[in-house]
Amino acid sequence: NENLEEAGTMAKEAAALSPENGAIADTLGWWHFRKGDYPRALASLKKAERLTEEPDPVIFDHLGQTLMKLNEKEFAADCFRKALELDPDNAELKTRLEGAGK
């Protein structure tokens with residue numbers, strides 16, 4: 001949560017230069033999340049998921065956390081499950097899945 005404004009500026013510039021890069025879309029989405037703009041975060045993170053060739057547990061985790069903030073627990077749980085399939089030893093993901101009530 002440090003230097004959020006600077007991080008946002010860099011993320012937006014990177015997204016403008018490389019709009020089809022999933023990692024950059026994830027970064028931009030996570031910046032929106034940190035700023036509390038969950039609808040914009042969700043849009044960027046969904047784009048990141050679409051643009052990333054291989055499923056990424058970090059993107060699914062970010063999607064899940066964003067969906068939890070939007071009170072979409074069932075969809076959040078689905079994202080946490082997908083993340084856990086890719087990273088089964090991640091204790092934080094297990095805790096988040098439990099928090100989603102699944």
# chains A, B, ... in the order shown; residues from 1 in each chain; ligands from 1
$ select_by_dssp --residues "chain A" --states "alpha helix (DSSP H)" --output "PyMOL selection string"
chain A and resi 4-17+22-35+38-51+57-69+73-86+91-99
$ residues_around --residues "Leu51 (chain A)" --least-positions-apart "4" --cutoff "9 Å" --atoms "only C-alpha atoms" --output "VMD selection string"
chain A and resid 20 to 23 25 46 to 47
$ closest_residue --among "A:Gly8, A:Gly36, A:Gly101, A:Pro55" --to "Leu84 (chain A)" --atoms "only C-alpha atoms"
A:Pro55
$ residues_around --residues "Ala100 (chain A)" --least-positions-apart "6" --cutoff "8 Å" --atoms "only C-alpha atoms" --output "PDB file with all heavy atoms, in the first residue's frame"
ATOM      1  N   MET A  68     -15.092 -11.076  -3.318  1.00  0.00           N
ATOM      2  CA  MET A  68     -15.500 -11.043  -1.908  1.00  0.00           C
ATOM      3  C   MET A  68     -15.881  -9.616  -1.512  1.00  0.00           C
ATOM      4  O   MET A  68     -16.881  -9.411  -0.820  1.00  0.00           O
ATOM      5  CB  MET A  68     -14.380 -11.554  -1.007  1.00  0.00           C
ATOM      6  CG  MET A  68     -14.177 -13.057  -1.056  1.00  0.00           C
ATOM      7  SD  MET A  68     -15.546 -14.003  -0.381  1.00  0.00           S
ATOM      8  CE  MET A  68     -15.373 -13.632   1.365  1.00  0.00           C
ATOM      9  N   LYS A  73     -19.790 -14.058  -2.955  1.00  0.00           N
ATOM     10  CA  LYS A  73     -19.031 -15.122  -2.302  1.00  0.00           C
ATOM     11  C   LYS A  73     -18.979 -16.418  -3.106  1.00  0.00           C
ATOM     12  O   LYS A  73     -17.959 -17.096  -3.115  1.00  0.00           O
ATOM     13  CB  LYS A  73     -19.599 -15.382  -0.912  1.00  0.00           C
ATOM     14  CG  LYS A  73     -19.330 -14.248   0.050  1.00  0.00           C
ATOM     15  CD  LYS A  73     -19.812 -14.577   1.441  1.00  0.00           C
ATOM     16  CE  LYS A  73     -19.482 -13.430   2.378  1.00  0.00           C
ATOM     17  NZ  LYS A  73     -19.840 -13.743   3.749  1.00  0.00           N
ATOM     18  N   GLU A  74     -20.061 -16.761  -3.777  1.00  0.00           N
ATOM     19  CA  GLU A  74     -20.068 -18.013  -4.541  1.00  0.00           C
ATOM     20  C   GLU A  74     -19.054 -17.952  -5.682  1.00  0.00           C
ATOM     21  O   GLU A  74     -18.287 -18.894  -5.894  1.00  0.00           O
ATOM     22  CB  GLU A  74     -21.469 -18.278  -5.087  1.00  0.00           C
ATOM     23  CG  GLU A  74     -21.579 -19.640  -5.755  1.00  0.00           C
ATOM     24  CD  GLU A  74     -23.008 -19.945  -6.162  1.00  0.00           C
ATOM     25  OE1 GLU A  74     -23.949 -19.511  -5.468  1.00  0.00           O
ATOM     26  OE2 GLU A  74     -23.162 -20.638  -7.179  1.00  0.00           O
ATOM     27  N   ALA A  76     -16.503 -15.896  -5.811  1.00  0.00           N
ATOM     28  CA  ALA A  76     -15.189 -15.795  -5.172  1.00  0.00           C
ATOM     29  C   ALA A  76     -14.665 -17.184  -4.814  1.00  0.00           C
ATOM     30  O   ALA A  76     -13.498 -17.497  -5.065  1.00  0.00           O
ATOM     31  CB  ALA A  76     -15.270 -14.912  -3.926  1.00  0.00           C
ATOM     32  N   ALA A  77     -15.543 -18.012  -4.240  1.00  0.00           N
ATOM     33  CA  ALA A  77     -15.140 -19.372  -3.866  1.00  0.00           C
ATOM     34  C   ALA A  77     -14.672 -20.152  -5.090  1.00  0.00           C
ATOM     35  O   ALA A  77     -13.684 -20.893  -5.020  1.00  0.00           O
ATOM     36  CB  ALA A  77     -16.291 -20.092  -3.165  1.00  0.00           C
TER      37      ALA A  77
END
$ atom_distance --atom1 "CA of Lys35 (chain A)" --atom2 "CA of Glu6 (chain A)"
12.3 Å
$ residues_around --residues "Glu72 (chain A)" --least-positions-apart "5" --cutoff "12 Å" --atoms "only C-alpha atoms" --output "tab-separated table (two decimals) with N, CA, C and O atoms, in the first residue's frame"
chain	number	residue	atom	x	y	z
A	38	TYR	N	-13.54	-1.54	-6.59
A	38	TYR	CA	-13.70	-2.97	-6.87
A	38	TYR	C	-14.33	-3.27	-8.23
A	38	TYR	O	-13.90	-4.22	-8.89
A	39	PRO	N	-15.30	-2.49	-8.70
A	39	PRO	CA	-15.82	-2.77	-10.04
A	39	PRO	C	-14.76	-2.64	-11.13
A	39	PRO	O	-14.67	-3.48	-12.03
A	42	LEU	N	-12.37	-5.55	-10.87
A	42	LEU	CA	-12.94	-6.77	-11.44
A	42	LEU	C	-12.81	-6.78	-12.96
A	42	LEU	O	-12.42	-7.80	-13.55
A	63	LEU	N	-8.94	-12.17	-8.33
A	63	LEU	CA	-10.36	-12.17	-8.69
A	63	LEU	C	-11.22	-12.54	-7.49
A	63	LEU	O	-12.24	-11.90	-7.22
A	64	GLY	N	-10.82	-13.58	-6.78
A	64	GLY	CA	-11.58	-14.02	-5.62
A	64	GLY	C	-11.68	-12.95	-4.55
A	64	GLY	O	-12.76	-12.69	-3.99
A	65	GLN	N	-10.56	-12.30	-4.26
A	65	GLN	CA	-10.58	-11.26	-3.24
A	65	GLN	C	-11.46	-10.09	-3.66
A	65	GLN	O	-12.18	-9.51	-2.84
A	66	THR	N	-11.42	-9.75	-4.94
A	66	THR	CA	-12.26	-8.67	-5.45
A	66	THR	C	-13.73	-9.05	-5.36
A	66	THR	O	-14.57	-8.25	-4.92
A	67	LEU	N	-14.05	-10.26	-5.76
A	67	LEU	CA	-15.44	-10.71	-5.69
A	67	LEU	C	-15.95	-10.76	-4.26
A	67	LEU	O	-17.13	-10.46	-4.01
A	77	ALA	N	-15.54	-18.01	-4.24
A	77	ALA	CA	-15.14	-19.37	-3.87
A	77	ALA	C	-14.67	-20.15	-5.09
A	77	ALA	O	-13.68	-20.89	-5.02
A	78	ASP	N	-15.35	-19.98	-6.22
A	78	ASP	CA	-14.94	-20.66	-7.46
A	78	ASP	C	-13.52	-20.23	-7.84
A	78	ASP	O	-12.70	-21.07	-8.23
A	79	CYS	N	-13.24	-18.94	-7.72
A	79	CYS	CA	-11.90	-18.45	-8.06
A	79	CYS	C	-10.85	-19.00	-7.09
A	79	CYS	O	-9.76	-19.40	-7.52
A	100	ALA	N	-15.00	-17.64	2.27
A	100	ALA	CA	-16.08	-17.50	1.30
A	100	ALA	C	-17.23	-18.43	1.63
A	100	ALA	O	-18.24	-18.44	0.93
A	101	GLY	N	-17.05	-19.23	2.68
A	101	GLY	CA	-18.11	-20.12	3.12
A	101	GLY	C	-18.22	-21.40	2.33
A	101	GLY	O	-19.24	-22.05	2.30
